[in-house]
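Here is the structure we will look at, set down as structure tokens.
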Amino acid sequence: MKSITTRRAIAASLTVVGLSGLGLAAAAQLNMTWAGSFQAGATVVKADCQTGPIATKLGSPIFDGTKAVPWSIAAITFNGVSASCTGMHWEVAYKTGAGNWNKIKTGEVGSETITVILGDLDAQTISDVSLTMFS
């Protein structure tokens, strides 16, 4: 007959192995792959009123696990618009991977920052963004 100490050690070992197996089983059920990416940068804008680069910044990624594409971006911000562009009109468009351009929003330059709300637009479909300023 095995001693109580031996039985307790075996029971504890089986418990640890069982819990480890449950942890691995739960981890194996999670699908954490996502091939998308978000990035931003700055580029020189060739406009008579613009004197330097305009930085493009994407909003913080938002996670919603109930959607087919769980990550989204709420807005794109263009910062560094020259004061001499105030009063000019602007348009923002995005290009899809298929090469199609789609206008998002238009407005009038009122400050050095232009913020465009994306709404339900899937940020993964955007391959390029264009800011156009005109009079």
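By convention in this document, the chains of the structure tokens carry letters A, B, ... by their order, each chain's residues are numbered from 1, and ligands are numbered from 1 in the order they are shown.
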* **Who sits within 10 Å of Ser60 of chain A, only C-alpha atoms, same chain under 4 positions skipped, as a list in words** =>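 Neighbouring residues, sequence-local ones excluded: Phe38, Trp71, Ser72, Ile73, Ala74, Ala75 and Ile76 of chain A.
Neighbouring residues of Val109 of chain A at 7 Å or closer, counting only C-alpha atoms and skipping chain neighbours under 2 positions away, are A:Cys85, A:Thr86, A:Gly87, A:Met88, A:His89, A:Trp90, A:Gly107, A:Ser111.
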Would you save the residues of that selection, restricted to N, CA and C atoms, as a JSON list (two decimals), in the first residue's frame?
```json
[["chain", "number", "residue", "atom", "x", "y", "z"],
["A", 85, "CYS", "N", -1.96, 78.56, -46.07],
["A", 85, "CYS", "CA", -2.99, 77.77, -46.76],
["A", 85, "CYS", "C", -4.39, 78.01, -46.19],
["A", 86, "THR", "N", -4.50, 78.77, -45.12],
["A", 86, "THR", "CA", -5.79, 79.04, -44.50],
["A", 86, "THR", "C", -6.76, 79.62, -45.52],
["A", 87, "GLY", "N", -7.97, 79.09, -45.55],
["A", 87, "GLY", "CA", -9.00, 79.54, -46.48],
["A", 87, "GLY", "C", -9.05, 78.72, -47.76],
["A", 88, "MET", "N", -8.02, 77.93, -48.02],
["A", 88, "MET", "CA", -8.05, 77.07, -49.21],
["A", 88, "MET", "C", -8.94, 75.86, -48.93],
["A", 89, "HIS", "N", -9.40, 75.22, -49.99],
["A", 89, "HIS", "CA", -10.20, 74.01, -49.87],
["A", 89, "HIS", "C", -9.29, 72.79, -49.87],
["A", 90, "TRP", "N", -9.76, 71.71, -49.26],
["A", 90, "TRP", "CA", -9.00, 70.47, -49.28],
["A", 90, "TRP", "C", -9.93, 69.29, -49.51],
["A", 107, "GLY", "N", -13.21, 69.89, -47.18],
["A", 107, "GLY", "CA", -13.35, 70.95, -46.18],
["A", 107, "GLY", "C", -12.55, 72.17, -46.57],
["A", 111, "SER", "N", -6.83, 75.62, -39.87],
["A", 111, "SER", "CA", -5.73, 75.55, -38.91],
["A", 111, "SER", "C", -4.63, 74.68, -39.50]]
```
* To do: Quick one: pick out all strand (DSSP E) residues within segment 39-120 of chain A from a backbone DSSP run and write them as a ChimeraX atom specification.
  => /A:41-44,53-58,61-63,71-73,75-79,89-96,101-108,113-117
